[in-house]
Amino acid sequence: MMILIDLVIETVLLTLFWRFGYAEEIYYYFWGNVVVIVMMLIEIEAFKLINGGYRIAEKEKDEILFIHSLSTLICLPLIYLELSLIDYHILKLQPLIVLACAQLIWALLFSRFADHYFRTHHGSMKLFYVGAANEEVLEELNQRSSRYQIISSFKAEEIDANRLKEADGVLAEQLEESERRRLNRLCYVQGKAWYEHPPLEGLMLMNGEMMCVGDLMLNHQKGTKNDRMKRCFDIGVSLILLFVTSPILLITAILIKVEDGGAVFYKQERYSLDEKIISILKFRSMREDAEADGIARLCSENDQRLTKIGKVIRRCRIDELPQLINVLKGEMSLVGPRPERPEIAERRKQELPEFAYRTKVKAGLTGYAQVMGKYSTSTENKLRFDLVYIQQQSMMFDLLILTKTLCAVLEPKRSK
């Protein structure tokens with residue numbers, strides 16, 4: 001329903017924008033006008049869909065507002081450029097500014113209406129938490145109390161058919177297989193929701209592709225492979241990004257040099273495909289003596305080693321842009337698990353043996369863990385996203401992650 005309402009309003013706004021803004025400058029017959037309006041609508045709505053702008057059961061109203069507003073701020077300049085290219089000259093800006101203001105107002109109204117609609121017609125999902133306590137999971141759900149509420153915590157054996165009637169569903173964490181099957185069956189019989197925080201050791205099996213061989217159903221685990229199309233895609237997009245971001249790269253380099261006179265770039269050894277050690281290139285964001293003792297330390301919040309410029313470029317991820325050179329050299333890919341420092345990776349593998357699986361593919365400039373999690377998301381939960389990506393990687397999945405990256409970079413809570 002929410003999608004339909006938004007489509008109707010956006011269609012009206014774009015039709016008015018085209019009719020009274022540019023239709024007289026760029027003249028088309030009826031179906032030509034329809035094609036232009038539909039083209040603009042597809043661009044705007046695709047961005048919202050990819051970034052979860054209609055997932056009102058999961059996202060708070062401010063998150064929905066952010067996605068819809070960002071859709072306007074990113075897509076409208078692209079639409080303006082496309083229309084200018086169609087007419088071979090720079091068009092007037094006034095209609096575009098009016099449309100942007102109207103869409104931002106509608107984004108505010110839509111986010112509030114969608115949130116009110118969900119609260120009125122659905123309300124928060126009341127869940128039983130069953131299994132080993134995980135503070136990170138509980139904290140994340142508590143921050144979304146308008147969507148999910150943990151009403152009680154139980155041991156698996158304490159849940160029976162009568163007790164389950166008191167909740168809307170179950171959130172399971174690290175259950176014995178026999179109890180997991182029993183509770184899952186109870187939820188299925190009663191029509192209750194089933195949520196599970198999957199264990200690392202079973203995650204890859206859960207993300208296989210179902211296929212049929214004759215009348216036999218199989219769970220297909222795809223092996224990793226050297227994809228030439230992915231390599232061509234990496235080269236093409238990296239060249240475009242280097243060209244588009246060249247002003248940002250130049251300004252950043254000047255500011256770093258002016259601040260303390262030190263080196264602009266910083267090289268760091270990281271693991272990539274098959275644990276091959278590569279030297280990634282970054283803009284220097286810390287003092288040059290940040291690791292004078294030779295001990296590798298992750299950057300923390302309010303880290304005193306950060307320079308003034310470093311704080312800004314890390315928050316906006318600008319410090320990572322020079323790694324486009326690593327992508328062009330074939331050492332990295334645009335999308336993949338983020339490369340880890342060898343000494344830190346070895347420590348992680350001692351804690352989480354599945355961490356070694358991340359190097360089954362090339363390290364990436366961005367990744368599924370980066371667009372779905374926050375900077376502070378635990379290593380274990382980031383690893384879950386990386387393992388899902390390794391199992392499900394495809395060209396379309398890469399495009400999805402690249403599109404979501406811009407939203408993730410600009411969203412304030414992602415840098416926390």
# chains A, B, ... in the order shown; residues from 1 in each chain; ligands from 1
>>> select_by_dssp(residues="region 4-143 of chain A", states="strand (DSSP E)", output="short mmCIF file (atom, residue, chain, number, x, y, z; two decimals) with N, CA and C atoms, in the first residue's frame")
data_model
loop_
_atom_site.label_atom_id
_atom_site.label_comp_id
_atom_site.auth_asym_id
_atom_site.auth_seq_id
_atom_site.Cartn_x
_atom_site.Cartn_y
_atom_site.Cartn_z
N MET A 125 6.34 -6.08 17.02
CA MET A 125 6.31 -7.53 17.10
C MET A 125 6.77 -7.96 18.49
N LYS A 126 5.89 -8.64 19.24
CA LYS A 126 6.21 -9.08 20.60
C LYS A 126 6.86 -10.46 20.53
N LEU A 127 8.12 -10.53 20.96
CA LEU A 127 8.90 -11.75 20.78
C LEU A 127 9.37 -12.35 22.10
N PHE A 128 9.47 -13.68 22.12
CA PHE A 128 10.18 -14.39 23.17
C PHE A 128 11.63 -14.55 22.72
N TYR A 129 12.55 -14.21 23.61
CA TYR A 129 13.97 -14.43 23.31
C TYR A 129 14.37 -15.75 23.94
N VAL A 130 14.85 -16.67 23.12
CA VAL A 130 15.14 -18.02 23.58
C VAL A 130 16.58 -18.38 23.25
N GLY A 131 17.34 -18.82 24.27
CA GLY A 131 18.71 -19.26 24.03
C GLY A 131 19.72 -18.41 24.77
#
>>> residues_around(residues="Arg180 (chain A)", least_positions_apart="4", cutoff="12 Å", atoms="only C-alpha atoms", output="MDAnalysis selection string")
chainID A and resid 130:131 155:157 159 170:176 184:187 194:198
>>> residues_around(residues="His116 (chain A)", least_positions_apart="3", cutoff="12 Å", atoms="only C-alpha atoms", output="ChimeraX atom specification")
/A:2,56-57,60-61,109-113,119-124,146-147
>>> residues_around(residues="region 331-341 of chain A", least_positions_apart="5", cutoff="9 Å", atoms="only C-alpha atoms", output="VMD selection string")
chain A and resid 230 to 231 233 to 235 237 to 238 268 to 273 276 to 280 296 323 to 326 346 358 to 359 361 to 370 383 385 to 387 389 to 390 393 398 to 399 401 to 402
>>> closest_residue(among="A:Asn33, A:Asn134, A:Ser152, A:Ser285", to="Arg305 (chain A)", atoms="only C-alpha atoms")
A:Ser285
